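Chemist: To be precise about what I am sending: the file is called start32.pdb and holds PDB, C-alpha atoms.
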ATOM      1  CA  MET A1381     131.955  73.005 273.202
ATOM      2  CA  ILE A1382     129.961  76.124 273.035
ATOM      3  CA  ASP A1383     126.215  75.978 272.776
ATOM      4  CA  THR A1384     124.981  76.400 269.265
ATOM      5  CA  ALA A1385     121.308  77.110 269.480
ATOM      6  CA  SER A1386     118.781  75.766 267.073
ATOM      7  CA  PRO A1387     115.491  77.515 266.345
ATOM      8  CA  ILE A1388     113.595  78.325 269.486
ATOM      9  CA  VAL A1389     110.714  75.971 269.940
ATOM     10  CA  ALA A1390     107.777  76.169 272.269
ATOM     11  CA  SER A1391     108.074  74.352 275.582
ATOM     12  CA  PRO A1392     105.924  74.066 278.688
ATOM     13  CA  ALA A1393     106.156  76.940 281.136
ATOM     14  CA  VAL A1394     109.320  76.772 283.190
ATOM     15  CA  SER A1395     109.319  77.925 286.803
ATOM     16  CA  PRO A1396     111.998  80.328 288.065
ATOM     17  CA  ARG A1397     113.492  77.492 290.084
ATOM     18  CA  GLU A1398     113.689  75.227 287.037
ATOM     19  CA  GLU A1399     115.309  78.026 285.057
ATOM     20  CA  ARG A1400     117.935  78.478 287.766
ATOM     21  CA  VAL A1401     118.596  74.742 287.679
ATOM     22  CA  GLY A1402     118.901  74.921 283.884
ATOM     23  CA  MET A1403     121.407  77.756 284.118
ATOM     24  CA  LEU A1404     123.447  75.808 286.659
ATOM     25  CA  LEU A1405     123.459  72.671 284.501
ATOM     26  CA  VAL A1406     124.536  74.541 281.354
ATOM     27  CA  PHE A1407     127.288  76.285 283.310
ATOM     28  CA  LEU A1408     128.439  72.913 284.677
ATOM     29  CA  SER A1409     128.511  71.546 281.125
ATOM     30  CA  ALA A1410     130.824  74.382 280.044
ATOM     31  CA  LEU A1411     132.935  73.784 283.156
ATOM     32  CA  MET A1412     133.281  70.057 282.386
ATOM     33  CA  TRP A1413     134.201  70.784 278.761
ATOM     34  CA  SER A1414     136.783  73.386 279.826
ATOM     35  CA  PHE A1415     138.838  70.666 281.559
ATOM     36  CA  GLY A1416     139.449  68.780 278.289
ATOM     37  CA  GLY A1417     142.842  70.258 277.445
ATOM     38  CA  THR A1418     144.053  70.047 281.045
ATOM     39  CA  ILE A1419     143.154  66.354 281.333
ATOM     40  CA  ALA A1420     144.718  65.586 277.954
ATOM     41  CA  ARG A1421     148.030  67.120 279.024
ATOM     42  CA  PHE A1422     148.288  64.536 281.843
ATOM     43  CA  ILE A1423     148.050  61.588 279.414
ATOM     44  CA  THR A1424     151.445  60.162 278.494
ATOM     45  CA  VAL A1425     150.378  57.831 275.673
ATOM     46  CA  GLY A1426     152.355  58.810 272.587
ATOM     47  CA  ASP A1427     149.783  57.663 270.038
ATOM     48  CA  SER A1428     146.905  60.145 269.617
ATOM     49  CA  TRP A1429     144.733  57.423 268.074
ATOM     50  CA  THR A1430     145.002  55.353 271.245
ATOM     51  CA  VAL A1431     143.761  58.377 273.189
ATOM     52  CA  ILE A1432     140.913  58.920 270.717
ATOM     53  CA  PHE A1433     139.868  55.256 270.965
ATOM     54  CA  TRP A1434     139.693  55.059 274.762
ATOM     55  CA  ARG A1435     138.199  58.529 275.173
ATOM     56  CA  SER A1436     135.475  57.702 272.654
ATOM     57  CA  VAL A1437     134.773  54.277 274.178
ATOM     58  CA  TRP A1438     134.337  55.713 277.664
ATOM     59  CA  ALA A1439     132.201  58.596 276.382
ATOM     60  CA  ALA A1440     129.970  56.271 274.333
ATOM     61  CA  ALA A1441     129.503  53.930 277.300
ATOM     62  CA  PHE A1442     128.529  56.826 279.556
ATOM     63  CA  LEU A1443     126.119  58.336 277.036
ATOM     64  CA  VAL A1444     124.395  55.016 276.410
ATOM     65  CA  CYS A1445     123.990  54.524 280.172
ATOM     66  CA  PHE A1446     122.674  58.078 280.511
ATOM     67  CA  MET A1447     120.049  57.578 277.789
ATOM     68  CA  VAL A1448     119.000  54.194 279.178
ATOM     69  CA  TRP A1449     118.659  55.724 282.648
ATOM     70  CA  ARG A1450     116.646  58.646 281.261
ATOM     71  CA  ASP A1451     114.567  56.962 278.547
ATOM     72  CA  GLY A1452     114.849  53.197 279.120
ATOM     73  CA  TRP A1453     116.124  50.663 276.570
ATOM     74  CA  ARG A1454     113.088  51.031 274.326
ATOM     75  CA  GLY A1455     113.263  54.816 274.405
ATOM     76  CA  THR A1456     117.003  54.758 273.697
ATOM     77  CA  ARG A1457     116.543  52.537 270.645
ATOM     78  CA  LYS A1458     113.792  54.851 269.432
ATOM     79  CA  LEU A1459     116.071  57.888 269.820
ATOM     80  CA  PHE A1460     118.670  56.309 267.548
ATOM     81  CA  ARG A1461     116.065  55.239 264.979
ATOM     82  CA  ASP A1462     114.344  58.611 264.854
ATOM     83  CA  MET A1463     117.439  60.776 264.328
ATOM     84  CA  GLY A1464     117.691  59.631 260.671
ATOM     85  CA  LEU A1465     120.172  61.029 258.161
ATOM     86  CA  PRO A1466     120.445  64.450 259.873
ATOM     87  CA  GLY A1467     121.473  62.667 263.068
ATOM     88  CA  LEU A1468     124.012  60.625 261.136
ATOM     89  CA  ALA A1469     125.438  63.831 259.637
ATOM     90  CA  VAL A1470     125.701  65.451 263.077
ATOM     91  CA  GLY A1471     127.370  62.279 264.357
ATOM     92  CA  ILE A1472     129.952  62.412 261.560
ATOM     93  CA  CYS A1473     130.641  66.084 262.288
ATOM     94  CA  PHE A1474     131.034  65.314 265.975
ATOM     95  CA  ALA A1475     133.334  62.333 265.289
ATOM     96  CA  THR A1476     135.515  64.487 263.041
ATOM     97  CA  ALA A1477     135.672  67.351 265.539
ATOM     98  CA  SER A1478     136.404  65.172 268.579
ATOM     99  CA  THR A1479     139.116  63.320 266.670
ATOM    100  CA  ALA A1480     140.669  66.548 265.393
ATOM    101  CA  PHE A1481     140.685  67.971 268.943
ATOM    102  CA  VAL A1482     142.873  65.197 270.303
ATOM    103  CA  VAL A1483     145.246  65.241 267.324
ATOM    104  CA  ALA A1484     145.468  69.056 267.385
ATOM    105  CA  LEU A1485     146.690  68.986 270.996
ATOM    106  CA  ALA A1486     149.955  67.505 269.733
ATOM    107  CA  TYR A1487     150.553  70.513 267.458
ATOM    108  CA  THR A1488     149.153  73.626 269.112
ATOM    109  CA  THR A1489     148.046  75.097 272.424
ATOM    110  CA  VAL A1490     144.756  74.434 274.153
ATOM    111  CA  ALA A1491     144.039  78.183 274.022
ATOM    112  CA  ASN A1492     144.400  78.249 270.243
ATOM    113  CA  ILE A1493     141.906  75.399 269.830
ATOM    114  CA  LEU A1494     139.289  76.628 272.298
ATOM    115  CA  LEU A1495     139.365  80.298 271.368
ATOM    116  CA  MET A1496     138.788  79.462 267.702
ATOM    117  CA  GLN A1497     135.751  77.463 268.775
ATOM    118  CA  ALA A1498     134.312  80.508 270.524
ATOM    119  CA  GLY A1499     133.225  81.820 267.131
ATOM    120  CA  VAL A1500     131.220  78.716 266.196
ATOM    121  CA  PRO A1501     127.738  80.281 266.658
ATOM    122  CA  LEU A1502     128.673  83.164 264.358
ATOM    123  CA  LEU A1503     130.350  80.923 261.786
ATOM    124  CA  ALA A1504     127.185  78.833 261.789
ATOM    125  CA  ALA A1505     125.175  81.947 260.960
ATOM    126  CA  LEU A1506     127.534  82.589 258.044
ATOM    127  CA  PHE A1507     127.132  79.029 256.724
ATOM    128  CA  ALA A1508     123.354  79.163 257.141
ATOM    129  CA  TRP A1509     123.284  82.330 255.037
ATOM    130  CA  ALA A1510     125.577  80.852 252.362
ATOM    131  CA  LEU A1511     123.772  77.508 252.100
ATOM    132  CA  PHE A1512     120.150  78.353 252.866
ATOM    133  CA  ARG A1513     119.996  82.135 252.551
ATOM    134  CA  GLU A1514     118.883  82.535 256.146
ATOM    135  CA  ARG A1515     118.592  86.208 256.997
ATOM    136  CA  VAL A1516     121.588  87.668 258.817
ATOM    137  CA  GLY A1517     121.305  91.045 260.515
ATOM    138  CA  VAL A1518     123.850  93.834 260.214
ATOM    139  CA  ALA A1519     125.036  93.330 263.798
ATOM    140  CA  THR A1520     125.631  89.641 263.118
ATOM    141  CA  TRP A1521     127.608  90.459 259.956
ATOM    142  CA  VAL A1522     129.827  92.793 261.985
ATOM    143  CA  ALA A1523     130.336  90.092 264.615
ATOM    144  CA  ILE A1524     131.153  87.509 261.914
ATOM    145  CA  ALA A1525     133.738  89.871 260.423
ATOM    146  CA  ALA A1526     135.274  90.341 263.875
ATOM    147  CA  VAL A1527     135.445  86.575 264.412
ATOM    148  CA  ILE A1528     137.143  86.062 261.037
ATOM    149  CA  THR A1529     139.625  88.811 261.952
ATOM    150  CA  GLY A1530     140.359  87.230 265.328
ATOM    151  CA  VAL A1531     140.856  83.783 263.819
ATOM    152  CA  ALA A1532     143.120  85.283 261.137
ATOM    153  CA  ILE A1533     145.289  86.837 263.865
ATOM    154  CA  MET A1534     145.648  83.443 265.573
ATOM    155  CA  VAL A1535     146.296  81.554 262.332
ATOM    156  CA  SER A1536     148.891  84.121 261.209
ATOM    157  CA  GLU A1537     151.429  82.477 263.511
ATOM    158  CA  SER A1538     151.396  79.376 261.333
ATOM    159  CA  LEU A1539     152.031  81.467 258.218
ATOM    160  CA  ASP A1540     155.372  82.767 259.484
ATOM    161  CA  GLY A1541     156.413  79.432 260.973
ATOM    162  CA  ALA A1542     155.886  80.399 264.613
ATOM    163  CA  VAL A1543     153.573  77.422 265.173
ATOM    164  CA  SER A1544     152.595  74.319 263.246
ATOM    165  CA  PRO A1545     150.080  74.956 260.463
ATOM    166  CA  ILE A1546     148.704  71.470 261.178
ATOM    167  CA  GLY A1547     147.557  72.540 264.641
ATOM    168  CA  ASP A1548     145.834  75.679 263.387
ATOM    169  CA  GLY A1549     144.331  73.758 260.472
ATOM    170  CA  LEU A1550     142.846  71.164 262.816
ATOM    171  CA  ALA A1551     141.550  73.871 265.155
ATOM    172  CA  LEU A1552     139.774  75.493 262.198
ATOM    173  CA  LEU A1553     138.419  72.099 261.130
ATOM    174  CA  ILE A1554     136.895  71.642 264.586
ATOM    175  CA  ALA A1555     135.155  75.021 264.380
ATOM    176  CA  VAL A1556     133.871  74.282 260.863
ATOM    177  CA  MET A1557     132.510  70.855 261.877
ATOM    178  CA  PHE A1558     130.670  72.343 264.843
ATOM    179  CA  SER A1559     129.282  75.090 262.631
ATOM    180  CA  VAL A1560     127.999  72.578 260.074
ATOM    181  CA  ALA A1561     126.464  70.463 262.837
ATOM    182  CA  THR A1562     124.760  73.588 264.174
ATOM    183  CA  VAL A1563     123.226  74.396 260.793
ATOM    184  CA  ILE A1564     121.976  70.814 260.418
ATOM    185  CA  THR A1565     120.434  70.916 263.888
ATOM    186  CA  ARG A1566     118.726  74.220 263.090
ATOM    187  CA  ARG A1567     117.334  72.933 259.797
ATOM    188  CA  PHE A1568     116.145  69.661 261.329
ATOM    189  CA  SER A1569     114.881  70.593 264.764
ATOM    190  CA  GLY A1570     113.858  66.987 265.436
ATOM    191  CA  VAL A1571     117.492  65.881 265.608
ATOM    192  CA  ARG A1572     118.219  64.819 269.166
ATOM    193  CA  MET A1573     121.676  65.861 270.283
ATOM    194  CA  THR A1574     122.458  63.026 272.702
ATOM    195  CA  PRO A1575     122.074  60.006 270.365
ATOM    196  CA  ALA A1576     123.727  61.896 267.486
ATOM    197  CA  THR A1577     126.805  62.747 269.520
ATOM    198  CA  CYS A1578     126.838  59.254 271.048
ATOM    199  CA  LEU A1579     126.946  57.914 267.490
ATOM    200  CA  GLY A1580     129.814  60.322 266.854
ATOM    201  CA  THR A1581     131.845  58.815 269.703
ATOM    202  CA  MET A1582     131.186  55.341 268.304
ATOM    203  CA  LEU A1583     132.317  56.400 264.827
ATOM    204  CA  ALA A1584     135.449  58.014 266.261
ATOM    205  CA  ALA A1585     136.277  54.873 268.236
ATOM    206  CA  GLY A1586     135.677  52.685 265.188
ATOM    207  CA  PHE A1587     138.011  54.728 263.002
ATOM    208  CA  ALA A1588     140.657  54.909 265.741
ATOM    209  CA  VAL A1589     140.729  51.094 265.855
ATOM    210  CA  SER A1590     142.157  51.077 262.331
ATOM    211  CA  GLN A1591     144.771  53.732 263.137
ATOM    212  CA  ALA A1592     146.010  53.066 266.674
ATOM    213  CA  SER A1593     149.374  51.365 267.098
ATOM    214  CA  THR A1594     148.437  49.975 270.511
ATOM    215  CA  PHE A1595     145.500  49.806 272.908
ATOM    216  CA  THR A1596     147.615  49.103 275.981
ATOM    217  CA  VAL A1597     147.914  52.002 278.403
ATOM    218  CA  SER A1598     149.116  52.395 281.974
ATOM    219  CA  VAL A1599     146.730  52.398 284.918
ATOM    220  CA  SER A1600     147.250  56.122 285.481
ATOM    221  CA  ASP A1601     146.667  56.901 281.819
ATOM    222  CA  MET A1602     143.481  54.823 281.827
ATOM    223  CA  GLY A1603     142.263  56.869 284.787
ATOM    224  CA  PHE A1604     142.860  60.097 282.883
ATOM    225  CA  LEU A1605     141.294  58.620 279.721
ATOM    226  CA  PHE A1606     138.226  57.681 281.774
ATOM    227  CA  ALA A1607     137.979  61.278 283.016
ATOM    228  CA  PHE A1608     138.621  62.573 279.479
ATOM    229  CA  GLY A1609     135.740  60.512 278.094
ATOM    230  CA  VAL A1610     133.224  60.385 280.948
ATOM    231  CA  VAL A1611     133.713  63.580 282.944
ATOM    232  CA  ASN A1612     134.905  65.973 280.244
ATOM    233  CA  LEU A1613     132.849  64.733 277.285
ATOM    234  CA  GLY A1614     129.982  62.543 278.500
ATOM    235  CA  LEU A1615     129.001  64.309 281.727
ATOM    236  CA  GLY A1616     129.343  67.701 280.059
ATOM    237  CA  LEU A1617     126.937  66.643 277.342
ATOM    238  CA  ALA A1618     124.487  65.155 279.866
ATOM    239  CA  PHE A1619     124.462  68.413 281.848
ATOM    240  CA  PHE A1620     123.909  70.431 278.677
ATOM    241  CA  ALA A1621     121.191  68.179 277.254
ATOM    242  CA  THR A1622     119.275  68.408 280.528
ATOM    243  CA  GLY A1623     119.723  72.106 281.255
ATOM    244  CA  ALA A1624     119.574  73.772 277.814
ATOM    245  CA  ARG A1625     115.865  73.020 277.422
ATOM    246  CA  LEU A1626     115.058  75.053 280.529
ATOM    247  CA  ILE A1627     116.615  78.396 279.562
ATOM    248  CA  PRO A1628     116.501  80.864 276.633
ATOM    249  CA  ALA A1629     118.983  80.419 273.795
ATOM    250  CA  ALA A1630     120.911  83.632 274.512
ATOM    251  CA  ILE A1631     121.546  82.619 278.127
ATOM    252  CA  ALA A1632     122.706  79.151 277.068
ATOM    253  CA  ALA A1633     125.107  80.709 274.565
ATOM    254  CA  LEU A1634     126.415  83.162 277.150
ATOM    255  CA  LEU A1635     127.064  80.415 279.694
ATOM    256  CA  GLY A1636     128.760  78.384 276.957
ATOM    257  CA  THR A1637     131.466  81.045 276.589
ATOM    258  CA  PHE A1638     132.900  79.907 279.921
ATOM    259  CA  GLU A1639     134.482  76.935 278.121
ATOM    260  CA  PRO A1640     136.899  78.884 275.866
ATOM    261  CA  ILE A1641     137.533  81.378 278.654
ATOM    262  CA  LEU A1642     138.256  78.883 281.449
ATOM    263  CA  GLY A1643     139.977  76.178 279.358
ATOM    264  CA  PRO A1644     143.211  78.107 278.671
ATOM    265  CA  ILE A1645     143.285  79.298 282.301
ATOM    266  CA  TRP A1646     143.271  75.743 283.706
ATOM    267  CA  VAL A1647     146.079  74.685 281.359
ATOM    268  CA  TRP A1648     148.091  77.780 282.265
ATOM    269  CA  LEU A1649     147.654  77.270 286.030
ATOM    270  CA  ILE A1650     148.230  73.493 286.052
ATOM    271  CA  HIS A1651     150.607  72.882 283.140
ATOM    272  CA  SER A1652     152.169  76.357 282.710
ATOM    273  CA  GLU A1653     151.132  76.377 279.047
ATOM    274  CA  VAL A1654     151.144  80.070 278.183
ATOM    275  CA  PRO A1655     149.253  81.188 275.049
ATOM    276  CA  SER A1656     151.164  83.291 272.537
ATOM    277  CA  GLY A1657     150.526  86.994 272.198
ATOM    278  CA  ARG A1658     148.662  86.592 268.915
ATOM    279  CA  THR A1659     146.480  83.844 270.389
ATOM    280  CA  ILE A1660     145.523  86.124 273.273
ATOM    281  CA  ILE A1661     144.796  89.065 270.969
ATOM    282  CA  GLY A1662     142.896  87.032 268.382
ATOM    283  CA  GLY A1663     141.001  85.113 271.067
ATOM    284  CA  ALA A1664     140.023  88.341 272.795
ATOM    285  CA  VAL A1665     138.610  89.643 269.503
ATOM    286  CA  VAL A1666     136.601  86.422 268.980
ATOM    287  CA  VAL A1667     135.221  86.245 272.537
ATOM    288  CA  THR A1668     134.370  89.959 272.573
ATOM    289  CA  ALA A1669     132.508  89.651 269.281
ATOM    290  CA  LEU A1670     130.538  86.714 270.621
ATOM    291  CA  LEU A1671     129.674  88.409 273.915
ATOM    292  CA  VAL A1672     128.539  91.605 272.162
ATOM    293  CA  HIS A1673     126.426  89.561 269.758
ATOM    294  CA  ILE A1674     124.838  87.632 272.628
ATOM    295  CA  GLY A1675     124.129  90.906 274.424
ATOM    296  CA  LEU A1676     122.264  92.176 271.372
ATOM    297  CA  GLU A1677     120.339  88.906 271.268
ATOM    298  CA  PHE A1678     119.213  89.510 274.852
ATOM    299  CA  LYS A1679     117.733  92.823 273.767
ATOM    300  CA  ARG A1680     116.162  91.353 270.634
ATOM    301  CA  GLN A1681     114.533  88.440 272.364
ATOM    302  CA  ALA A1682     113.530  90.532 275.373
ATOM    303  CA  ARG A1683     112.618  87.223 276.980
ATOM    304  CA  PRO A1684     109.234  87.008 275.190
ATOM    305  CA  GLU A1685     108.380  83.564 276.447
ATOM    306  CA  ARG A1686     110.187  80.801 278.217
ATOM    307  CA  ALA A1687     111.686  78.622 275.546
ATOM    308  CA  GLY A1688     114.099  75.738 275.331
ATOM    309  CA  VAL A1689     116.734  75.021 272.754
ATOM    310  CA  THR A1690     118.656  72.082 271.510
ATOM    311  CA  GLY A1691     122.236  72.653 270.603
ATOM    312  CA  VAL A1692     125.344  70.832 269.439
ATOM    313  CA  PRO A1693     128.340  71.046 271.842
ATOM    314  CA  SER A1694     132.002  70.901 271.142
ATOM    315  CA  PRO A1695     133.579  67.582 271.823
ATOM    316  CA  ASN A1696     136.207  68.747 274.052
TER
END
Just give me the structure as structure tokens.
Modeler:
Amino acid sequence: MIDTASPIVASPAVSPREERVGMLLVFLSALMWSFGGTIARFITVGDSWTVIFWRSVWAAAFLVCFMVWRDGWRGTRKLFRDMGLPGLAVGICFATASTAFVVALAYTTVANILLMQAGVPLLAALFAWALFRERVGVATWVAIAAVITGVAIMVSESLDGAVSPIGDGLALLIAVMFSVATVITRRFSGVRMTPATCLGTMLAAGFAVSQASTFTVSVSDMGFLFAFGVVNLGLGLAFFATGARLIPAAIAALLGTFEPILGPIWVWLIHSEVPSGRTIIGGAVVVTALLVHIGLEFKRQARPERAGVTGVPSPN
């Protein structure tokens, strides 16, 4: 769930201590999101739709409690009312991506899914140019080309039958949904991320109800589903929503890269799931392109003023 920054907007001056807290919170959000694949591999339920339902229910419950704690019941209702059609669109994108993530785990590796998502900020820039003719610099075009090359290397395994094309297709769908949600958030800076993604979990749970073969799970599976929904998804989003407003966009994006980097490592260490050679090569190309692009953003921004951002995370 990499940070996808929207236009930088003015915010009150942030003290160095608050900025350090913001950096810690955004890092913790990436850390929480990086555990998604590892937690999912512990769940023994055979029906992916059952997993999607319970994960979404727990995440929605946590996010509602978080907003009520932060803004009160009246403020929470206002957040949902004020997000409008852009918020609904972001919610649909989030529901699609979070659903595709769980289903994709049955067909491909965690590394394949997460490393494709690393290119979301650059894919969003490509979509913003195609749809709204937003200016894209030469360096960004080079980075976009590198991301497309890296993704092509990973997807090539499905073309020769080495892995399921369904898994790679779903991984690409996740990246596209996040990219679209990013563009919407940039175009409508008033869209609040927390209620929109909370709506997404509700939509995902509602659709899963019509698809799941059973809602009965073991006690151990329910424990992992609770962690999958609350710790991985809900708590990660709460950390990000709180911390991203305190730090510059480039720093938030840089800290967000810890998710696709750490996620495959946890699965490898705990579940011995080793990424294929092409996944490692293609993922390295994607992550390198993103890191170089972020480094150039640091120079461009030169930290002119303290500014906060609102972004759309991955649902992992």
Chemist: Have a look at A:Arg1435, A:Arg1397, A:Arg1680, A:Arg1572 and name the one nearest to Arg1461 in chain A; count only C-alpha atoms.
Modeler: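 Nearest to Arg1461 in chain A: A:Arg1572.
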Chemist: Counting only C-alpha atoms, which residues in range 1449-1542 of chain A sit no more than 10 Å from range 1413-1426 of chain A? For each one, give the nearest pair of atoms and the distance in Å, sorted by chain then residue number, as JSON lines.
Modeler:
{"residue": "A:Phe1481", "atom": "CA", "partner": "A:Gly1417", "partner_atom": "CA", "distance": 9.1}
{"residue": "A:Val1482", "atom": "CA", "partner": "A:Ala1420", "partner_atom": "CA", "distance": 7.9}
{"residue": "A:Leu1485", "atom": "CA", "partner": "A:Gly1417", "partner_atom": "CA", "distance": 7.6}
{"residue": "A:Ala1486", "atom": "CA", "partner": "A:Gly1426", "partner_atom": "CA", "distance": 9.5}
{"residue": "A:Thr1489", "atom": "CA", "partner": "A:Gly1417", "partner_atom": "CA", "distance": 8.7}
{"residue": "A:Val1490", "atom": "CA", "partner": "A:Gly1417", "partner_atom": "CA", "distance": 5.7}
{"residue": "A:Ala1491", "atom": "CA", "partner": "A:Gly1417", "partner_atom": "CA", "distance": 8.7}
{"residue": "A:Ile1493", "atom": "CA", "partner": "A:Gly1417", "partner_atom": "CA", "distance": 9.2}
{"residue": "A:Leu1494", "atom": "CA", "partner": "A:Ser1414", "partner_atom": "CA", "distance": 8.6}
Chemist: The selected residues should be written to file as a PDB file, in the frame of the given file (atoms: C-alpha atoms).
Modeler:
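Generated output (selection.pdb):
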ATOM      1  CA  PHE A1481     140.685  67.971 268.943  1.00  0.00           C
ATOM      2  CA  VAL A1482     142.873  65.197 270.303  1.00  0.00           C
ATOM      3  CA  LEU A1485     146.690  68.986 270.996  1.00  0.00           C
ATOM      4  CA  ALA A1486     149.955  67.505 269.733  1.00  0.00           C
ATOM      5  CA  THR A1489     148.046  75.097 272.424  1.00  0.00           C
ATOM      6  CA  VAL A1490     144.756  74.434 274.153  1.00  0.00           C
ATOM      7  CA  ALA A1491     144.039  78.183 274.022  1.00  0.00           C
ATOM      8  CA  ILE A1493     141.906  75.399 269.830  1.00  0.00           C
ATOM      9  CA  LEU A1494     139.289  76.628 272.298  1.00  0.00           C
TER      10      LEU A1494
END
Chemist: Take every atom of range 1481-1488 of chain A listed in the file, fit an axis-aligned box around them, add 3 Å per side, and give the centre and edge lengths in Å to one decimal as JSON.
Modeler:
{"center_x": 145.6, "center_y": 69.4, "center_z": 269.2, "size_x": 15.9, "size_y": 14.4, "size_z": 9.7}
Chemist: Using the chain letters and numbering of this document, enumerate as a compact mmCIF listing (two decimals) with C-alpha atoms, in the frame of the given file the residues selected by the PyMOL selection byres ((chain A and resi 1580-1589) around 10).
Modeler:
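Wrote it out as out05.txt, contents follow:
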# COMPACT_ATOMS: atom_id res chain seq x y z
CA SER A 1428 146.90 60.14 269.62
CA TRP A 1429 144.73 57.42 268.07
CA THR A 1430 145.00 55.35 271.24
CA VAL A 1431 143.76 58.38 273.19
CA ILE A 1432 140.91 58.92 270.72
CA PHE A 1433 139.87 55.26 270.96
CA TRP A 1434 139.69 55.06 274.76
CA ARG A 1435 138.20 58.53 275.17
CA SER A 1436 135.48 57.70 272.65
CA VAL A 1437 134.77 54.28 274.18
CA TRP A 1438 134.34 55.71 277.66
CA ALA A 1439 132.20 58.60 276.38
CA ALA A 1440 129.97 56.27 274.33
CA ALA A 1441 129.50 53.93 277.30
CA LEU A 1443 126.12 58.34 277.04
CA GLY A 1467 121.47 62.67 263.07
CA LEU A 1468 124.01 60.62 261.14
CA ALA A 1469 125.44 63.83 259.64
CA VAL A 1470 125.70 65.45 263.08
CA GLY A 1471 127.37 62.28 264.36
CA ILE A 1472 129.95 62.41 261.56
CA CYS A 1473 130.64 66.08 262.29
CA PHE A 1474 131.03 65.31 265.98
CA ALA A 1475 133.33 62.33 265.29
CA THR A 1476 135.51 64.49 263.04
CA ALA A 1477 135.67 67.35 265.54
CA SER A 1478 136.40 65.17 268.58
CA THR A 1479 139.12 63.32 266.67
CA THR A 1574 122.46 63.03 272.70
CA PRO A 1575 122.07 60.01 270.36
CA ALA A 1576 123.73 61.90 267.49
CA THR A 1577 126.80 62.75 269.52
CA CYS A 1578 126.84 59.25 271.05
CA LEU A 1579 126.95 57.91 267.49
CA SER A 1590 142.16 51.08 262.33
CA GLN A 1591 144.77 53.73 263.14
CA ALA A 1592 146.01 53.07 266.67
CA SER A 1593 149.37 51.36 267.10
CA THR A 1594 148.44 49.98 270.51
CA PHE A 1595 145.50 49.81 272.91
CA GLY A 1609 135.74 60.51 278.09
CA LEU A 1613 132.85 64.73 277.29
CA GLY A 1614 129.98 62.54 278.50
CA PRO A 1695 133.58 67.58 271.82
Chemist: Taking all atoms listed in the file into account, which of A:Asn1612, A:Thr1622, A:Thr1520, A:Thr1529 comes nearest Glu1639 in chain A?
Modeler: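 Closest to Glu1639 in chain A of all the choices is A:Asn1612.
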Chemist: So that I can see what lies close to Thr1659 in chain A, please list as an mmCIF file with C-alpha atoms, keeping the file's coordinate frame the residues with an atom at most 10 Å from it, counting all atoms listed in the file and leaving out residues fewer than 5 positions away in the same chain.
Modeler:
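Generated output (part-v1.cif):
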data_model
loop_
_atom_site.group_PDB
_atom_site.id
_atom_site.type_symbol
_atom_site.label_atom_id
_atom_site.label_comp_id
_atom_site.auth_asym_id
_atom_site.auth_seq_id
_atom_site.Cartn_x
_atom_site.Cartn_y
_atom_site.Cartn_z
ATOM 1 C CA THR A 1489 148.046 75.097 272.424
ATOM 2 C CA ALA A 1491 144.039 78.183 274.022
ATOM 3 C CA ASN A 1492 144.400 78.249 270.243
ATOM 4 C CA ILE A 1493 141.906 75.399 269.830
ATOM 5 C CA LEU A 1495 139.365 80.298 271.368
ATOM 6 C CA MET A 1496 138.788 79.462 267.702
ATOM 7 C CA GLY A 1530 140.359 87.230 265.328
ATOM 8 C CA VAL A 1531 140.856 83.783 263.819
ATOM 9 C CA ALA A 1532 143.120 85.283 261.137
ATOM 10 C CA ILE A 1533 145.289 86.837 263.865
ATOM 11 C CA MET A 1534 145.648 83.443 265.573
ATOM 12 C CA VAL A 1535 146.296 81.554 262.332
ATOM 13 C CA SER A 1536 148.891 84.121 261.209
ATOM 14 C CA GLU A 1537 151.429 82.477 263.511
ATOM 15 C CA VAL A 1654 151.144 80.070 278.183
ATOM 16 C CA ALA A 1664 140.023 88.341 272.795
ATOM 17 C CA VAL A 1665 138.610 89.643 269.503
#
Chemist: Between CA of Ala1505 in chain A and CA of Thr1562 in chain A, what is the spacing in Å?
Modeler: 9.0 Å
Chemist: Would you mind writing range 1485-1490 of chain A with N, CA, C and O atoms, as a PDB file, keeping the file's coordinate frame?
Modeler:
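The file below, result33.pdb, is the result:
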ATOM      1  N   LEU A1485     145.969  68.718 269.754  1.00  0.00           N
ATOM      2  CA  LEU A1485     146.690  68.986 270.996  1.00  0.00           C
ATOM      3  C   LEU A1485     148.182  68.688 270.889  1.00  0.00           C
ATOM      4  O   LEU A1485     148.983  69.218 271.660  1.00  0.00           O
ATOM      5  N   ALA A1486     148.542  67.829 269.925  1.00  0.00           N
ATOM      6  CA  ALA A1486     149.955  67.505 269.733  1.00  0.00           C
ATOM      7  C   ALA A1486     150.682  68.586 268.945  1.00  0.00           C
ATOM      8  O   ALA A1486     151.923  68.571 268.875  1.00  0.00           O
ATOM      9  N   TYR A1487     149.938  69.531 268.351  1.00  0.00           N
ATOM     10  CA  TYR A1487     150.553  70.513 267.458  1.00  0.00           C
ATOM     11  C   TYR A1487     150.383  71.956 267.900  1.00  0.00           C
ATOM     12  O   TYR A1487     151.112  72.832 267.429  1.00  0.00           O
ATOM     13  N   THR A1488     149.402  72.234 268.744  1.00  0.00           N
ATOM     14  CA  THR A1488     149.153  73.626 269.112  1.00  0.00           C
ATOM     15  C   THR A1488     148.665  73.702 270.549  1.00  0.00           C
ATOM     16  O   THR A1488     148.476  72.675 271.221  1.00  0.00           O
ATOM     17  N   THR A1489     148.454  74.909 271.035  1.00  0.00           N
ATOM     18  CA  THR A1489     148.046  75.097 272.424  1.00  0.00           C
ATOM     19  C   THR A1489     146.543  74.885 272.597  1.00  0.00           C
ATOM     20  O   THR A1489     145.765  75.005 271.650  1.00  0.00           O
ATOM     21  N   VAL A1490     146.175  74.576 273.827  1.00  0.00           N
ATOM     22  CA  VAL A1490     144.756  74.434 274.153  1.00  0.00           C
ATOM     23  C   VAL A1490     144.023  75.749 273.894  1.00  0.00           C
ATOM     24  O   VAL A1490     142.901  75.763 273.381  1.00  0.00           O
TER      25      VAL A1490
END
